[in-house]
Amino acid sequence: MSARRHNRPPSLTVVAASAAEVPFRTSGGLDWSKLMARAQDGDRQAYRMLLEDLAPYLRSIAIRCFKQPNDVEDAVQDVLMTVHMVRHAYDPSRPFGPWLLAIANRRMIDRLRRETRKKAREIALSTEHETFSAPATNLNEAEFDAAALSEAIERLPPEQQRAIQMLKLNEMSLKEAAAASGRSITALKVATHRAIKSLRKMFRQQGQRS
Amino acid sequence: MKTPDLIDTLVDSAMPVGRLRPPLVRAALWLLFAVLVLVVLTVAHGVRPDLSERLRQPTFAVGMFGALATGVLAAVASFKVSLPDSSRSWLLLPLPALILWVSTIGYGCLTDWVSMGPNGVRMGEAVRCFATLLLTSAPLSIAMLVMVRYAALLRPTAVCMSGGLAVAAMTSIALSLLHELDATVMILIWNLGSAALIAGLASVFGRSLLAWIALPLTPTALRSS
């Protein structure tokens, strides 16, 4: 008998040893109760196996209560942390499932309550919400300004139009603009000055009308 | 933080833990502590002079028995309910004793009100009563909070309520043993009022107090988050 035991291939011994280490239930899953009992005694490997095995189970419970994947994961983590904090309260002679389920239900109900309270008090702020009551402050300014400006520039005399386009919109220097248009720097300066003056006048009139 | 990272942190911070004793044993320990507090107070203050005479009166005796039973059963209930997998119906355990206790207070109050005027107790006695109240309820409350601190995450309100009731009943026994409170209004204020006050304070502040006492249970790495 003993000779036969000695002749066993080493791999079999290893499998037998690991089977003794990892407790299984008759149904095939890990025996959580035994793993928790070992974790209470300080066996970190058993504790890791337990927590890693609990996570997907808890996720399947959390998915029924929460829609967002982030919320589901938060709930799972909350339950895992609670299990960690109250692990000394588990009595290995009692079944682990109901103990875990009671904790999970408790924490998830607490979370749902907190969320409902939060939803009742807070509203997410979006761009559609007005910040000021005056209508002018809530207009989409950038688009409005660009459209109004290009329209106003089109109404200027061609000479001023060109000067504004080159010096202000295309941001050319006076020298570059003079070279491109074949006009003197002074003439360009005067045209720009007049253009800005008439634009200012146009917008002021528009503002008064509105 | 992702769940695998959290598991890593929890596993790293997992030290061997001592398992909790069965709830009945823990309730017995708490009651032993309560008896100790009562004995110390009795030795320091001395029992009321008319105790043996009063104990012969059925109302007083039944009231004392009711308070004692409420204290014992409420303590058992709070230790039972503090465990996550036990039924919530344990909270109903002290109810019959509580009804008995409260009904004798009410009855004594009514008969005394009819038989004599409200001129029984001097201020000095009231102050001493208050000292007894504090000296009994403070250590018992602290002991209870520390013993059920892990319930902060599970059933804080239920545990605080029944724990508060146990403390209140024990305080009431101390008051009845040590002080001559024959005036009707004072009986009502001290017995029922202090009981309601302690139970009320326990359910209002118990939750946050429990959470504070339970803070060391959180792994250090996760405490700030």
# chains A, B, ... in the order shown; residues from 1 in each chain; ligands from 1
>>> interface_residues(of="chain A", to="chain B", cutoff="9 Å", atoms="only C-alpha atoms", output="compact mmCIF listing (two decimals) with C-alpha atoms, in the first residue's frame")
# COMPACT_ATOMS: atom_id res chain seq x y z
CA ARG A 38 -9.92 30.49 6.49
CA ALA A 39 -9.90 34.20 5.65
CA GLN A 40 -10.92 34.94 9.25
CA ASP A 41 -7.86 33.00 10.35
CA GLY A 42 -5.67 35.16 8.10
CA ASP A 43 -5.35 32.98 4.97
CA ARG A 44 -4.99 35.67 2.29
CA GLN A 45 -5.06 33.28 -0.65
CA TYR A 47 -9.65 35.41 0.98
CA ARG A 48 -8.60 36.42 -2.54
CA LEU A 51 -13.60 37.85 -3.06
CA GLU A 52 -12.84 37.04 -6.71
CA ALA A 55 -17.57 39.69 -7.39
CA GLU A 73 -19.46 48.31 -10.15
CA ASP A 74 -19.73 50.84 -7.30
CA VAL A 76 -20.29 45.55 -6.01
CA GLN A 77 -17.30 47.33 -4.44
CA LEU A 80 -17.13 43.75 -0.95
CA MET A 81 -15.88 46.46 1.41
CA THR A 82 -18.74 45.81 3.83
CA HIS A 84 -14.40 42.93 4.56
CA MET A 85 -15.35 45.18 7.46
CA VAL A 86 -17.83 42.81 9.08
CA ARG A 87 -16.05 39.54 8.25
CA HIS A 88 -15.49 38.85 11.94
CA ALA A 89 -19.29 38.80 12.40
CA TYR A 90 -19.64 35.70 10.20
CA ASP A 91 -20.20 32.45 12.06
CA PRO A 98 -27.91 34.20 3.31
CA TRP A 99 -25.31 36.19 5.26
CA LEU A 100 -23.86 37.63 2.06
CA LEU A 101 -27.25 38.23 0.49
CA ALA A 102 -28.48 40.10 3.57
CA ILE A 103 -25.42 42.39 3.43
CA ARG A 106 -28.87 46.12 2.80
CA ARG A 107 -26.06 48.01 1.03
>>> atom_distance(atom1="atom CA of Thr59 of chain B", atom2="atom CA of Leu165 of chain B")
20.9 Å
>>> residues_around(residues="segment 110-117 of chain A", least_positions_apart="5", cutoff="9 Å", atoms="only C-alpha atoms", output="PyMOL selection string")
chain A and resi 65-66+75+105+122
>>> residues_around(residues="segment 33-35 of chain B", least_positions_apart="5", cutoff="9 Å", atoms="only C-alpha atoms", output="PyMOL selection string")
chain B and resi 28+40+136+139-140+143+167+170
>>> atom_distance(atom1="atom CA of Thr171 of chain B", atom2="atom CA of Thr132 of chain B")
7.9 Å
>>> residues_around(residues="Leu73 of chain B", least_positions_apart="6", cutoff="9 Å", atoms="only C-alpha atoms", output="number ranges by chain")
B: 93-95, 97, 166
>>> atom_distance(atom1="atom CA of Leu91 of chain B", atom2="atom CA of Met161 of chain B")
8.9 Å
>>> select_by_dssp(residues="segment 5-185 of chain B", states="helix (DSSP H, G or I)", output="ChimeraX atom specification")
/B:5-12,23-45,51-55,58-81,88-92,95-115,123-147,149-153,156-178,184-185
>>> write_last_selection(atoms="C-alpha atoms", output="short mmCIF file (atom, residue, chain, number, x, y, z; two decimals), in the first residue's frame")
data_model
loop_
_atom_site.label_atom_id
_atom_site.label_comp_id
_atom_site.auth_asym_id
_atom_site.auth_seq_id
_atom_site.Cartn_x
_atom_site.Cartn_y
_atom_site.Cartn_z
CA ASP B 5 -7.65 46.63 -7.50
CA LEU B 6 -10.06 46.87 -4.61
CA ILE B 7 -9.80 43.12 -4.04
CA ASP B 8 -5.99 43.47 -4.02
CA THR B 9 -6.22 46.21 -1.38
CA LEU B 10 -8.67 44.26 0.75
CA VAL B 11 -6.58 41.08 0.55
CA ASP B 12 -3.42 43.02 1.45
CA PRO B 23 -25.32 36.98 20.37
CA LEU B 24 -26.74 35.50 23.57
CA VAL B 25 -23.28 35.33 25.14
CA ARG B 26 -22.57 38.92 24.12
CA ALA B 27 -25.92 40.09 25.50
CA ALA B 28 -25.08 38.28 28.76
CA LEU B 29 -21.70 40.06 28.87
CA TRP B 30 -23.35 43.43 28.38
CA LEU B 31 -25.96 42.65 31.06
CA LEU B 32 -23.17 41.61 33.41
CA PHE B 33 -21.55 44.99 32.81
CA ALA B 34 -24.92 46.66 33.50
CA VAL B 35 -25.25 44.76 36.78
CA LEU B 36 -21.71 45.82 37.67
CA VAL B 37 -22.57 49.49 37.04
CA LEU B 38 -25.73 49.14 39.13
CA VAL B 39 -23.83 47.48 42.00
CA VAL B 40 -21.15 50.18 41.97
CA LEU B 41 -23.78 52.92 42.00
CA THR B 42 -25.72 51.19 44.77
CA VAL B 43 -22.59 50.85 46.90
CA ALA B 44 -21.64 54.48 46.28
CA HIS B 45 -25.11 55.96 46.78
CA LEU B 51 -36.96 49.80 49.04
CA SER B 52 -38.11 46.66 50.90
CA GLU B 53 -41.42 48.29 51.66
CA ARG B 54 -41.87 49.42 48.06
CA LEU B 55 -40.96 46.01 46.67
CA PRO B 58 -47.38 44.98 43.45
CA THR B 59 -47.23 48.00 41.10
CA PHE B 60 -43.63 48.79 42.01
CA ALA B 61 -42.56 45.15 41.90
CA VAL B 62 -44.24 44.55 38.56
CA GLY B 63 -42.76 47.79 37.21
CA MET B 64 -39.27 46.75 38.29
CA PHE B 65 -39.75 43.31 36.80
CA GLY B 66 -41.06 44.88 33.58
CA ALA B 67 -38.05 47.20 33.35
CA LEU B 68 -35.63 44.36 34.02
CA ALA B 69 -37.29 42.10 31.45
CA THR B 70 -37.30 44.97 28.92
CA GLY B 71 -33.60 45.57 29.52
CA VAL B 72 -32.66 41.90 29.14
CA LEU B 73 -34.85 41.25 26.11
CA ALA B 74 -33.88 44.51 24.36
CA ALA B 75 -30.21 43.68 24.85
CA VAL B 76 -30.73 40.21 23.36
CA ALA B 77 -32.72 41.75 20.50
CA SER B 78 -30.08 44.33 19.66
CA PHE B 79 -27.27 41.77 19.57
CA LYS B 80 -29.39 39.42 17.48
CA VAL B 81 -30.48 42.15 15.02
CA ARG B 88 -35.80 41.70 11.90
CA SER B 89 -38.65 40.26 14.00
CA TRP B 90 -36.20 39.99 16.91
CA LEU B 91 -36.97 43.68 17.43
CA LEU B 92 -40.42 42.67 18.70
CA LEU B 95 -42.33 44.56 23.26
CA PRO B 96 -44.47 42.60 25.81
CA ALA B 97 -42.10 43.49 28.66
CA LEU B 98 -42.07 47.11 27.50
CA ILE B 99 -45.87 47.25 27.56
CA LEU B 100 -45.89 45.80 31.09
CA TRP B 101 -43.26 48.29 32.29
CA VAL B 102 -44.88 51.37 30.73
CA SER B 103 -48.34 50.37 31.93
CA THR B 104 -47.21 50.18 35.58
CA ILE B 105 -45.62 53.62 35.31
CA GLY B 106 -48.85 54.99 33.95
CA TYR B 107 -50.94 53.24 36.61
CA GLY B 108 -48.75 54.47 39.49
CA CYS B 109 -48.91 57.94 38.07
CA LEU B 110 -52.68 57.91 37.91
CA THR B 111 -53.24 56.55 41.43
CA ASP B 112 -50.66 58.90 42.96
CA TRP B 113 -52.18 61.83 41.15
CA VAL B 114 -55.49 61.11 42.78
CA SER B 115 -54.21 60.36 46.29
CA MET B 123 -34.61 69.95 43.74
CA GLY B 124 -31.58 68.32 45.38
CA GLU B 125 -33.05 64.88 44.80
CA ALA B 126 -33.74 65.71 41.15
CA VAL B 127 -30.12 66.71 40.58
CA ARG B 128 -28.90 63.48 42.19
CA CYS B 129 -31.35 61.59 40.03
CA PHE B 130 -29.87 63.20 36.96
CA ALA B 131 -26.38 62.20 38.07
CA THR B 132 -27.55 58.57 38.47
CA LEU B 133 -29.15 58.78 35.05
CA LEU B 134 -25.91 59.91 33.43
CA LEU B 135 -23.70 57.54 35.39
CA THR B 136 -25.81 54.57 34.35
CA SER B 137 -26.70 55.41 30.79
CA ALA B 138 -23.35 56.78 29.58
CA PRO B 139 -21.15 53.70 30.25
CA LEU B 140 -23.89 51.31 29.15
CA SER B 141 -24.48 53.25 25.91
CA ILE B 142 -20.77 53.38 25.14
CA ALA B 143 -20.40 49.64 25.82
CA MET B 144 -23.36 48.86 23.58
CA LEU B 145 -22.10 51.11 20.75
CA VAL B 146 -18.65 49.55 20.82
CA MET B 147 -20.03 46.01 20.95
CA ARG B 149 -20.20 48.86 15.94
CA TYR B 150 -20.07 46.55 12.90
CA ALA B 151 -23.84 47.04 12.52
CA ALA B 152 -23.20 50.63 11.37
CA LEU B 153 -23.21 49.43 7.76
CA PRO B 156 -27.93 51.08 12.30
CA THR B 157 -31.34 52.45 13.21
CA ALA B 158 -32.86 49.15 14.36
CA VAL B 159 -29.81 48.26 16.46
CA CYS B 160 -29.63 51.74 18.02
CA MET B 161 -33.32 51.69 18.86
CA SER B 162 -33.28 48.36 20.69
CA GLY B 163 -29.88 49.11 22.25
CA GLY B 164 -31.22 52.46 23.47
CA LEU B 165 -34.25 50.72 24.94
CA ALA B 166 -32.03 48.28 26.84
CA VAL B 167 -29.96 51.16 28.25
CA ALA B 168 -33.10 53.11 29.14
CA ALA B 169 -34.62 50.15 31.00
CA MET B 170 -31.43 49.58 32.97
CA THR B 171 -31.24 53.30 33.82
CA SER B 172 -34.81 53.21 35.01
CA ILE B 173 -34.02 50.28 37.31
CA ALA B 174 -31.11 52.25 38.75
CA LEU B 175 -33.37 55.25 39.34
CA SER B 176 -36.04 53.13 41.01
CA LEU B 177 -33.51 51.35 43.24
CA LEU B 178 -31.66 54.45 44.38
CA THR B 184 -46.28 61.51 40.10
CA VAL B 185 -44.84 64.00 37.65
#
